[in-house]
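So this block is input39.txt, compact mmCIF, C-alpha atoms:
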# COMPACT_ATOMS: atom_id res chain seq x y z
CA MET W 444 30.47 -18.64 -62.19
CA THR W 445 34.11 -18.90 -61.09
CA SER W 446 35.35 -16.58 -58.35
CA LEU W 447 39.05 -15.79 -58.03
CA SER W 448 40.96 -15.04 -54.85
CA VAL W 449 43.54 -12.33 -55.54
CA VAL W 450 46.89 -12.65 -53.77
CA PRO W 451 49.67 -10.04 -54.11
CA LEU W 452 53.12 -11.65 -54.34
CA ARG W 453 56.66 -10.40 -53.86
CA GLY W 454 60.03 -11.72 -54.95
CA VAL W 455 60.06 -12.00 -58.76
CA ARG W 456 58.82 -9.33 -61.16
CA PHE W 457 57.99 -10.93 -64.52
CA ARG W 458 58.53 -9.23 -67.87
CA ASP W 459 55.12 -10.18 -69.34
CA ASN W 460 53.07 -7.16 -70.44
CA LYS W 461 50.16 -8.63 -72.45
CA LEU W 462 47.31 -10.63 -70.95
CA GLU W 463 46.97 -14.06 -72.57
CA GLY W 464 43.84 -16.15 -72.05
CA ASN W 465 41.01 -15.73 -69.57
CA PRO W 466 42.04 -16.14 -65.90
CA PHE W 467 38.40 -16.93 -65.00
CA GLU W 468 38.69 -20.16 -66.99
CA ARG W 469 41.70 -21.48 -65.09
CA LEU W 470 42.29 -23.04 -61.68
CA TRP W 471 45.10 -20.59 -61.03
CA THR W 472 46.90 -17.84 -62.93
CA LEU W 473 49.99 -15.73 -62.32
CA LEU W 474 49.86 -12.17 -63.62
CA SER W 475 52.54 -9.53 -63.91
CA LEU W 476 51.69 -5.99 -62.78
CA ASP W 477 51.00 -4.94 -66.38
CA GLN W 478 48.76 -7.94 -67.00
CA MET W 479 46.76 -7.25 -63.84
CA ARG W 480 46.20 -3.65 -64.91
CA GLU W 481 44.97 -4.86 -68.30
CA LEU W 482 42.58 -7.32 -66.62
CA THR W 483 41.09 -4.66 -64.37
CA ALA W 484 40.69 -2.26 -67.30
CA HIS W 485 38.51 -4.77 -69.16
CA HIS W 486 36.53 -6.04 -66.17
CA PRO W 487 32.84 -5.04 -66.47
CA ASN W 488 32.51 -3.79 -62.89
CA GLY W 489 36.12 -2.73 -62.55
CA PHE W 490 38.25 -3.46 -59.51
CA GLY W 491 41.16 -1.31 -60.58
CA GLY W 492 40.72 0.89 -57.51
CA ASN W 493 41.24 -2.13 -55.26
CA ILE W 494 44.36 -3.18 -57.15
CA LYS W 495 45.71 0.37 -57.05
CA MET W 496 45.21 0.44 -53.27
CA ILE W 497 47.03 -2.89 -52.94
CA GLU W 498 49.91 -1.63 -55.10
CA GLU W 499 50.23 1.55 -53.06
CA ARG W 500 50.09 -0.19 -49.70
CA ILE W 501 51.94 -3.46 -50.41
CA HIS W 502 54.13 -2.79 -53.49
CA PRO W 503 53.78 -6.31 -54.94
CA ASP W 504 55.84 -7.77 -57.79
CA ALA W 505 53.08 -10.02 -59.20
CA PHE W 506 49.59 -11.33 -58.53
CA LEU W 507 48.24 -14.84 -58.08
CA LEU W 508 44.60 -15.59 -58.96
CA VAL W 509 43.19 -18.82 -57.50
CA ALA W 510 39.71 -20.23 -58.11
CA CYS W 511 37.67 -20.41 -54.90
CA HIS W 512 34.29 -22.01 -54.14
CA ASP W 513 32.81 -19.57 -51.64
CA ALA W 514 33.24 -15.82 -52.04
CA SER W 515 31.09 -14.80 -49.06
CA ALA W 516 32.53 -12.70 -46.25
CA PRO W 517 32.12 -15.43 -43.56
CA ALA W 518 34.07 -17.81 -45.79
CA TYR W 519 36.96 -15.39 -46.31
CA ARG W 520 39.51 -17.79 -44.85
CA GLU W 521 38.14 -20.71 -46.84
CA SER W 522 38.40 -18.64 -50.02
CA TYR W 523 42.13 -18.37 -49.45
CA ASP W 524 42.73 -21.89 -48.13
CA ARG W 525 43.66 -23.30 -51.53
CA ALA W 526 45.74 -20.20 -52.23
CA GLU W 527 47.91 -20.92 -49.18
CA SER W 528 48.98 -24.29 -50.60
CA MET W 529 49.31 -22.85 -54.09
CA ILE W 530 51.64 -20.07 -52.91
CA GLY W 531 53.74 -22.59 -51.02
CA ALA W 532 54.09 -24.70 -54.17
CA ILE W 533 55.00 -21.63 -56.24
CA CYS W 534 57.52 -20.48 -53.63
CA LEU W 535 59.27 -23.85 -53.63
CA THR W 536 59.21 -23.96 -57.44
CA THR W 537 60.97 -20.60 -57.73
CA LEU W 538 63.49 -21.54 -55.03
CA LEU W 539 64.33 -24.74 -56.94
CA ALA W 540 64.54 -22.92 -60.29
CA PRO W 541 67.72 -23.80 -62.22
CA GLU W 542 70.62 -21.37 -62.27
CA HIS W 543 72.23 -20.17 -65.50
CA HIS W 544 75.59 -18.86 -66.60
CA ASP W 545 74.00 -15.51 -67.44
CA ASP W 546 73.01 -15.13 -63.79
CA THR W 547 76.65 -15.30 -62.66
CA ARG W 548 77.40 -13.82 -59.21
CA GLN W 549 73.77 -13.49 -58.24
CA TYR W 550 73.41 -16.96 -56.64
CA SER W 551 70.52 -15.65 -54.61
CA PRO W 552 67.39 -17.49 -53.50
CA ARG W 553 64.41 -16.32 -55.54
CA PRO W 554 61.30 -16.77 -53.42
CA LEU W 555 57.84 -15.73 -54.55
CA TYR W 556 55.66 -15.30 -51.48
CA TRP W 557 52.53 -13.57 -50.18
CA ALA W 558 53.21 -9.84 -49.83
CA ARG W 559 51.30 -9.00 -46.66
CA ALA W 560 53.30 -5.92 -45.69
CA ILE W 561 55.62 -3.35 -47.23
CA GLU W 562 59.15 -4.66 -47.68
CA TYR W 563 60.93 -4.77 -44.34
CA CYS W 564 63.43 -1.95 -44.34
CA ASP W 565 65.96 -1.11 -41.64
CA LEU W 566 68.35 1.46 -43.11
CA PRO W 567 71.30 2.35 -40.86
CA LEU W 568 71.56 6.05 -40.04
CA VAL W 569 73.68 7.66 -37.29
CA VAL W 570 74.11 11.46 -36.94
CA ASP W 571 75.64 13.93 -34.51
CA GLU W 572 75.64 17.75 -34.28
CA GLN W 573 78.37 18.06 -36.90
CA GLY W 574 76.98 15.76 -39.56
CA THR W 575 76.13 12.22 -40.68
CA ARG W 576 78.39 9.52 -39.25
CA LEU W 577 76.81 6.39 -40.69
CA SER W 578 74.27 5.79 -43.43
CA GLY W 579 73.26 2.97 -45.72
CA HIS W 580 71.03 2.38 -48.70
CA SER W 581 70.14 -1.24 -47.99
CA SER W 582 68.99 -3.23 -45.00
CA TRP W 583 71.00 -5.95 -43.32
CA PHE W 584 68.01 -8.20 -43.85
CA MET W 585 65.63 -8.01 -46.77
CA TRP W 586 64.15 -10.21 -49.47
CA LEU W 587 64.43 -8.21 -52.67
CA SER W 588 64.56 -9.64 -56.17
CA PRO W 589 68.05 -10.51 -57.46
CA ASP W 590 68.50 -7.45 -59.65
CA GLN W 591 67.35 -3.85 -59.68
CA ALA W 592 64.62 -4.59 -62.21
CA GLY W 593 63.12 -7.18 -59.87
CA MET W 594 63.70 -10.06 -62.28
CA GLY W 595 64.39 -13.64 -61.30
CA GLY W 596 67.23 -14.39 -63.68
CA LYS W 597 67.06 -16.25 -67.00
CA SER W 598 64.99 -19.12 -65.61
CA LEU W 599 62.24 -16.82 -64.26
CA GLU W 600 61.96 -14.00 -66.78
CA THR W 601 58.40 -14.76 -67.80
CA ILE W 602 55.36 -16.46 -66.34
CA ALA W 603 55.69 -19.14 -69.05
CA HIS W 604 59.07 -20.04 -67.52
CA LEU W 605 57.47 -20.59 -64.13
CA GLU W 606 54.55 -22.53 -65.57
CA LYS W 607 56.99 -24.90 -67.30
CA LEU W 608 58.83 -25.39 -64.02
CA THR W 609 55.55 -26.24 -62.28
CA LYS W 610 54.90 -29.00 -64.83
CA ASP W 611 58.36 -30.50 -64.32
CA GLY W 612 58.48 -30.02 -60.55
CA PRO W 613 58.05 -32.41 -57.60
CA ALA W 614 54.96 -34.64 -57.58
CA THR W 615 53.51 -32.89 -54.52
CA THR W 616 53.64 -29.45 -56.10
CA ARG W 617 52.11 -30.81 -59.31
CA ARG W 618 49.24 -32.23 -57.26
CA VAL W 619 48.70 -28.88 -55.55
CA PHE W 620 48.71 -27.04 -58.89
CA ALA W 621 46.15 -29.53 -60.23
CA GLY W 622 43.84 -28.79 -57.29
CA GLU W 623 43.96 -32.38 -55.99
CA ALA W 624 43.43 -33.13 -52.30
CA PRO W 625 46.17 -34.95 -50.32
CA SER W 626 45.80 -38.71 -50.67
CA ASP W 627 47.78 -39.83 -47.60
CA GLU W 628 49.87 -38.65 -44.65
CA ALA W 629 52.93 -38.12 -46.85
CA ASP W 630 50.99 -35.72 -49.08
CA ARG W 631 49.51 -33.91 -46.09
CA ARG W 632 52.88 -33.49 -44.40
CA LEU W 633 54.62 -32.26 -47.54
CA GLU W 634 51.81 -29.81 -48.26
CA ALA W 635 51.99 -28.54 -44.67
CA GLY W 636 55.70 -28.01 -45.29
CA LEU W 637 54.92 -25.89 -48.35
CA ARG W 638 52.55 -23.71 -46.33
CA ALA W 639 55.10 -23.32 -43.54
CA LEU W 640 57.80 -22.41 -46.07
CA HIS W 641 55.95 -19.48 -47.64
CA ALA W 642 54.46 -18.36 -44.31
CA GLY W 643 57.99 -18.13 -42.93
CA PHE W 644 58.62 -15.04 -45.04
CA GLN W 645 56.30 -13.03 -42.81
CA ALA W 646 59.24 -12.01 -40.64
CA THR W 647 60.68 -8.64 -39.70
CA SER W 648 64.12 -9.66 -38.49
CA PRO W 649 66.80 -12.28 -39.21
CA GLY W 650 66.11 -13.99 -35.88
CA GLN W 651 62.41 -14.33 -36.56
CA PHE W 652 63.05 -15.57 -40.09
CA ILE W 653 65.51 -18.19 -38.85
CA ALA W 654 63.00 -19.42 -36.27
CA ASN W 655 60.28 -19.57 -38.94
CA MET W 656 62.39 -21.52 -41.41
CA VAL W 657 63.79 -23.98 -38.87
CA SER W 658 60.16 -24.60 -37.87
CA ALA W 659 59.26 -25.11 -41.55
CA ALA W 660 61.94 -27.81 -41.72
CA GLU W 661 60.84 -29.27 -38.38
CA VAL W 662 57.24 -29.68 -39.64
CA LEU W 663 58.51 -32.30 -42.08
CA VAL W 664 60.32 -34.52 -39.58
CA ALA W 665 58.33 -34.05 -36.36
CA ARG W 666 56.66 -36.73 -34.30
CA PRO W 667 54.42 -36.03 -31.30
CA ASP W 668 55.78 -36.34 -27.76
CA GLU W 669 59.48 -36.38 -28.55
CA ARG W 670 62.58 -34.38 -27.66
CA TRP W 671 63.81 -31.44 -29.72
CA TRP W 672 67.22 -33.05 -30.22
CA GLN W 673 65.58 -35.99 -32.00
CA ARG W 674 64.17 -33.64 -34.63
CA ALA W 675 67.48 -31.79 -34.85
CA ASP W 676 69.28 -35.10 -35.48
CA ARG W 677 66.92 -35.83 -38.38
CA LEU W 678 67.60 -32.40 -39.90
CA LYS W 679 71.34 -33.13 -39.78
CA VAL W 680 70.94 -36.56 -41.35
CA LEU W 681 68.97 -35.05 -44.23
CA THR W 682 71.66 -32.44 -44.95
CA GLY W 683 74.81 -34.51 -44.41
CA PRO W 684 78.01 -34.03 -42.36
CA GLU W 685 79.47 -31.48 -44.77
CA TYR W 686 76.92 -28.95 -43.47
CA TRP W 687 76.73 -29.81 -39.77
CA THR W 688 78.66 -26.74 -38.63
CA ARG W 689 76.15 -24.42 -40.31
CA ILE W 690 73.21 -26.47 -39.00
CA GLU W 691 74.51 -26.15 -35.42
CA GLU W 692 74.81 -22.38 -35.94
CA LEU W 693 71.21 -22.27 -37.16
CA LEU W 694 69.88 -24.30 -34.24
CA ALA W 695 71.74 -22.06 -31.78
CA ALA W 696 70.41 -18.92 -33.51
CA ARG W 697 66.89 -20.30 -33.46
CA HIS W 698 67.06 -21.04 -29.72
CA ALA W 699 68.61 -17.63 -28.99
CA TYR W 700 65.73 -15.85 -30.74
CA VAL W 701 62.88 -18.05 -29.47
CA HIS W 702 64.01 -18.18 -25.84
CA GLU W 703 65.95 -14.92 -25.44
CA THR W 704 64.79 -12.73 -28.38
CA ARG W 705 68.43 -12.31 -29.41
CA GLN W 706 69.28 -11.59 -33.04
CA PRO W 707 72.05 -13.54 -34.80
CA LEU W 708 75.41 -11.86 -35.13
CA VAL W 709 75.47 -12.73 -38.84
CA ALA W 710 72.33 -11.86 -40.85
CA PHE W 711 73.41 -14.27 -43.60
CA LEU W 712 72.16 -17.09 -41.37
CA ALA W 713 68.67 -16.13 -42.61
CA HIS W 714 69.70 -17.39 -46.07
CA ALA W 715 71.10 -20.52 -44.45
CA ALA W 716 67.78 -21.17 -42.68
CA LEU W 717 65.94 -20.91 -45.98
CA GLY W 718 68.43 -23.32 -47.55
CA LEU W 719 67.80 -25.78 -44.71
CA ALA W 720 64.02 -25.64 -45.16
CA VAL W 721 64.27 -26.22 -48.92
CA GLN W 722 66.84 -29.03 -48.55
CA VAL W 723 64.81 -30.91 -45.93
CA TRP W 724 61.58 -30.57 -47.92
CA ALA W 725 63.18 -31.86 -51.12
CA VAL W 726 64.86 -34.85 -49.47
CA MET W 727 61.72 -35.80 -47.54
CA HIS W 728 59.75 -35.55 -50.78
CA ASP W 729 62.15 -37.94 -52.53
CA LEU W 730 62.11 -40.37 -49.58
CA CYS W 731 58.31 -40.35 -49.46
CA ALA W 732 58.22 -41.06 -53.19
CA LEU W 733 59.93 -44.37 -52.39
CA GLU W 734 58.07 -45.11 -49.15
CA ARG W 735 54.62 -43.58 -48.59
CA ASP W 736 54.57 -44.52 -44.90
CA VAL W 737 55.95 -41.39 -43.20
CA SER W 738 56.53 -43.28 -39.96
CA ALA W 739 58.70 -45.79 -41.82
CA VAL W 740 60.66 -42.95 -43.45
CA LEU W 741 61.34 -41.34 -40.06
CA ASP W 742 62.28 -44.75 -38.61
CA GLY W 743 64.89 -45.11 -41.36
CA ILE W 744 66.32 -41.65 -40.62
CA ASP W 745 66.41 -42.43 -36.88
CA ALA W 746 68.24 -45.70 -37.58
CA LEU W 747 71.00 -43.77 -39.36
CA ALA W 748 71.19 -41.28 -36.48
CA ARG W 749 71.64 -44.09 -33.96
CA VAL W 750 74.67 -45.54 -35.76
CA ILE W 751 76.64 -42.29 -35.43
CA PRO W 752 74.63 -39.85 -33.28
CA PRO W 753 75.00 -36.35 -34.84
CA ARG W 754 73.74 -34.54 -31.74
CA GLY W 755 75.92 -31.50 -31.04
CA LEU W 756 78.52 -32.47 -33.67
CA THR W 757 79.89 -30.04 -36.22
CA THR W 758 81.84 -30.84 -39.37
CA ARG W 759 85.02 -29.79 -37.57
CA ASP W 760 84.41 -32.38 -34.85
CA LEU W 761 84.80 -35.21 -37.36
CA SER W 762 88.15 -36.61 -38.43
CA PRO W 763 88.53 -37.34 -42.16
CA ALA W 764 87.96 -41.02 -41.45
CA GLU W 765 84.86 -40.32 -39.35
CA ARG W 766 83.44 -38.01 -41.98
CA SER W 767 83.99 -40.62 -44.68
CA ARG W 768 82.22 -43.17 -42.52
CA VAL W 769 79.21 -40.88 -42.06
CA GLU W 770 79.09 -40.12 -45.78
CA ARG W 771 79.12 -43.83 -46.61
CA LEU W 772 76.37 -44.36 -44.05
CA TYR W 773 74.19 -41.70 -45.69
CA ALA W 774 75.04 -42.75 -49.26
CA GLY W 775 71.57 -44.21 -49.83
CA LEU W 776 69.79 -40.92 -49.06
CA PRO W 777 68.78 -38.46 -51.81
CA ARG W 778 71.29 -35.62 -51.95
CA GLY W 779 68.73 -32.89 -52.49
CA PRO W 780 69.34 -29.38 -53.86
CA VAL W 781 72.63 -28.89 -51.96
CA ARG W 782 74.31 -30.62 -54.89
CA ARG W 783 72.22 -28.97 -57.61
CA LEU W 784 71.84 -25.33 -56.62
CA TYR W 785 74.68 -22.98 -55.78
CA TRP W 786 72.59 -20.79 -53.50
CA VAL W 787 71.62 -23.75 -51.27
CA ASN W 788 75.19 -25.05 -51.11
CA HIS W 789 76.45 -21.51 -50.50
CA ALA W 790 73.92 -20.91 -47.72
CA LEU W 791 74.73 -24.14 -45.85
CA THR W 792 78.50 -24.18 -46.33
CA ASP W 793 80.54 -23.37 -43.24
CA GLY W 794 82.29 -19.98 -43.22
CA GLN W 795 81.62 -16.38 -44.17
CA PRO W 796 79.65 -15.85 -47.39
CA ASN W 797 82.52 -14.24 -49.32
CA ASP W 798 84.89 -17.09 -48.40
CA TYR W 799 82.71 -19.44 -50.43
CA TYR W 800 84.06 -18.07 -53.71
CA GLU W 801 87.63 -18.81 -52.67
CA ARG W 802 86.75 -22.45 -52.05
CA PHE W 803 84.51 -23.27 -55.02
CA VAL W 804 84.55 -22.73 -58.77
CA ILE W 805 81.31 -21.01 -59.77
CA PHE W 806 80.32 -21.38 -63.43
CA GLY W 807 83.98 -21.38 -64.43
CA GLU W 808 85.01 -18.45 -62.23
CA MET W 809 86.84 -18.28 -58.93
CA LEU W 810 88.05 -15.51 -56.68
CA CYS W 811 91.73 -14.90 -56.02
CA PRO W 812 92.11 -14.94 -52.21
CA GLN W 813 94.99 -12.43 -52.31
CA CYS W 814 93.71 -9.64 -54.57
CA THR W 815 90.02 -10.71 -54.91
CA ASN W 816 90.30 -10.62 -58.71
CA TRP W 817 87.79 -12.81 -60.58
CA LEU W 818 89.59 -15.60 -62.46
CA GLY W 819 87.82 -16.74 -65.63
CA ARG W 820 88.30 -19.72 -67.94
CA ASP W 821 91.28 -18.07 -69.61
CA CYS W 822 93.21 -18.23 -66.33
CA VAL W 823 92.88 -22.01 -65.83
CA ARG W 824 96.24 -23.82 -65.86
CA GLY W 825 95.27 -27.31 -64.78
CA SER W 826 92.39 -29.45 -63.55
CA THR W 827 91.38 -32.75 -61.97
CA PRO W 828 87.91 -34.34 -61.81
CA GLU W 829 87.34 -32.49 -58.52
CA THR W 830 89.40 -29.27 -58.75
CA GLU W 831 90.66 -26.55 -61.05
CA THR W 832 93.81 -24.48 -60.69
CA ALA W 833 94.08 -20.99 -62.15
CA GLU W 834 96.82 -18.33 -62.27
CA CYS W 835 95.90 -14.84 -61.20
CA PRO W 836 97.10 -12.36 -63.89
CA ARG W 837 97.28 -9.57 -61.31
CA CYS W 838 99.35 -11.08 -58.49
CA HIS W 839 100.52 -14.26 -60.32
CA ILE W 840 99.67 -16.73 -57.57
CA MET W 841 98.16 -20.15 -58.32
CA VAL W 842 94.65 -20.70 -56.92
CA THR W 843 93.04 -24.12 -56.57
CA ALA W 844 89.32 -24.44 -55.97
CA THR W 845 86.83 -27.30 -55.72
CA LEU W 846 84.29 -28.13 -58.41
CA PRO W 847 81.05 -28.54 -56.49
CA PHE W 848 78.65 -29.27 -59.36
CA ASN W 849 80.15 -30.87 -62.44
CA GLU W 850 76.76 -31.10 -64.17
CA HIS W 851 76.72 -27.28 -64.50
CA ARG W 852 79.93 -27.24 -66.49
Please, can you express the file's structure as structure tokens?
Amino acid sequence: MTSLSVVPLRGVRFRDNKLEGNPFERLWTLLSLDQMRELTAHHPNGFGGNIKMIEERIHPDAFLLVACHDASAPAYRESYDRAESMIGAICLTTLLAPEHHDDTRQYSPRPLYWARAIEYCDLPLVVDEQGTRLSGHSSWFMWLSPDQAGMGGKSLETIAHLEKLTKDGPATTRRVFAGEAPSDEADRRLEAGLRALHAGFQATSPGQFIANMVSAAEVLVARPDERWWQRADRLKVLTGPEYWTRIEELLAARHAYVHETRQPLVAFLAHAALGLAVQVWAVMHDLCALERDVSAVLDGIDALARVIPPRGLTTRDLSPAERSRVERLYAGLPRGPVRRLYWVNHALTDGQPNDYYERFVIFGEMLCPQCTNWLGRDCVRGSTPETETAECPRCHIMVTATLPFNEHR
């Protein structure tokens, strides 16, 4: 008889409302809240009270059911061991989900992770004897779903969408979903990276989240008995010189929190840390697909770092000629999601978040830097293979922006 470990998840609330198939006949199953309620209603012994308690205490968006081999109390941790890897694979799959035109201006990471506590909430409120001086309805740091309904955009509306993504995803995640054990060190390292990625969401502040996600990236490139800067150099090689300024900010924020418990001045760096973890995992996965010897992969990365040491360098420290040289040096590396997903590119691009829209064309729209009016396709007056120029109908200035991802157009 198959036993199922039940894991509450947060991040994407699916639209499914009818239970399809028997979860007890599958290795793993994702259920929406409505589907879980239907399952409990038809269960012979009924565990609806347990699910109701979980919903009241955790407020999940979905549930994951994973087949386990030992349901005894002493084996509690073993019952959830497979679930840990499964959640990591699901989390990465949702973070790599394609973006659509209908999701315009969301550009948000869409993680699906283990909901172990009520959503972290830190609402600003300042009062004096005369009245309220400061109040807010949202935290400076939180991981809510992209829209008010808790949906994940057009690519994650239903569980069928996610299941299709799992079948087309990276080889390591497909192996995890199939319940196969790691076959070599590359598999073990990449799976450990998945676990570290989803575990990193158990944070209650931007500083803690940044430390968790930098560690999740570090897991993938670490060697025993080496200096921190060697690992940091590898992270910078795997992202590329275009993003070195943001990477240096992340490393500084990580050290400030770990060694001094200081929070970052900009909470958006939490998104950047997540982007770093996803980028490094994806590039390491692609490199290991070509070379299964992890030591050889790291040797190749170190060889690139020795040619032009990136230690302490930001993008601004490089002249145009030096940057071109570094880019040619790294040309043989996989580019990763920074060139496929707006949210990753946005998170790792130097500058304030809102400035990004003045520099890049997003699904055929750009932001006028003078009046902040959105400029659509009807405003375009000229283009090159790399840029588009539009005229703002409000203030009549010409705005030129870069095309970061031509394949989206």
Nearby residues (all atoms listed in the file) at most 8 Å from W:Gly643, same-chain spacing under 2 positions excluded, as a list of chain:residue names: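 Answer for this query is W:Ala639, W:Leu640, W:His641, W:Gln645, W:Ala646, W:Phe652, W:Asn655, W:Met656, W:Ala659.
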Near W:Leu633, counting all atoms listed in the file, which residues have an atom at most 9 Å away, once you skip same-chain residues fewer than 5 positions from it, shown as a list in words? Thr615, Glu628, Arg638, Val662, Leu663, Trp724, Met727 and His728 of chain W
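Shortest atom-to-atom contact with W:Leu447 among W:Thr483, W:Ala505, W:Ala510, W:Pro777: W:Ala510, counting only C-alpha atoms.
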Please determine, counting only C-alpha atoms, which residue among W:Pro613, W:Gly622, W:Pro684, W:Gly489 has the shortest atom-to-atom distance to W:Asp729. W:Pro613
I'd like the neighbourhood of W:Trp672 as number ranges by chain, where a residue qualifies if any of its atoms comes within 9 Å (using all atoms listed in the file), though same-chain residues fewer than 4 positions away should be ignored. W: 676-677, 754-755
Atom CA of W:Asp504 and atom CA of W:Leu784 are how many Å apart?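 Going from atom CA of W:Asp504 over to atom CA of W:Leu784 covers 23.8 Å.
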Looking at only C-alpha atoms, which of W:Met496, W:Leu694, W:Val709, W:Ala699 is the one that sits closest to W:Pro796?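 Residue with the minimum atom-to-atom distance to W:Pro796: W:Val709.
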Identify which of the residues W:Val701, W:Leu476, W:Ala710, W:Leu608 lies closest to W:Thr537, counting all atoms listed in the file when measuring atom-to-atom distances.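 Under the stated criterion, the closest residue is W:Leu608.
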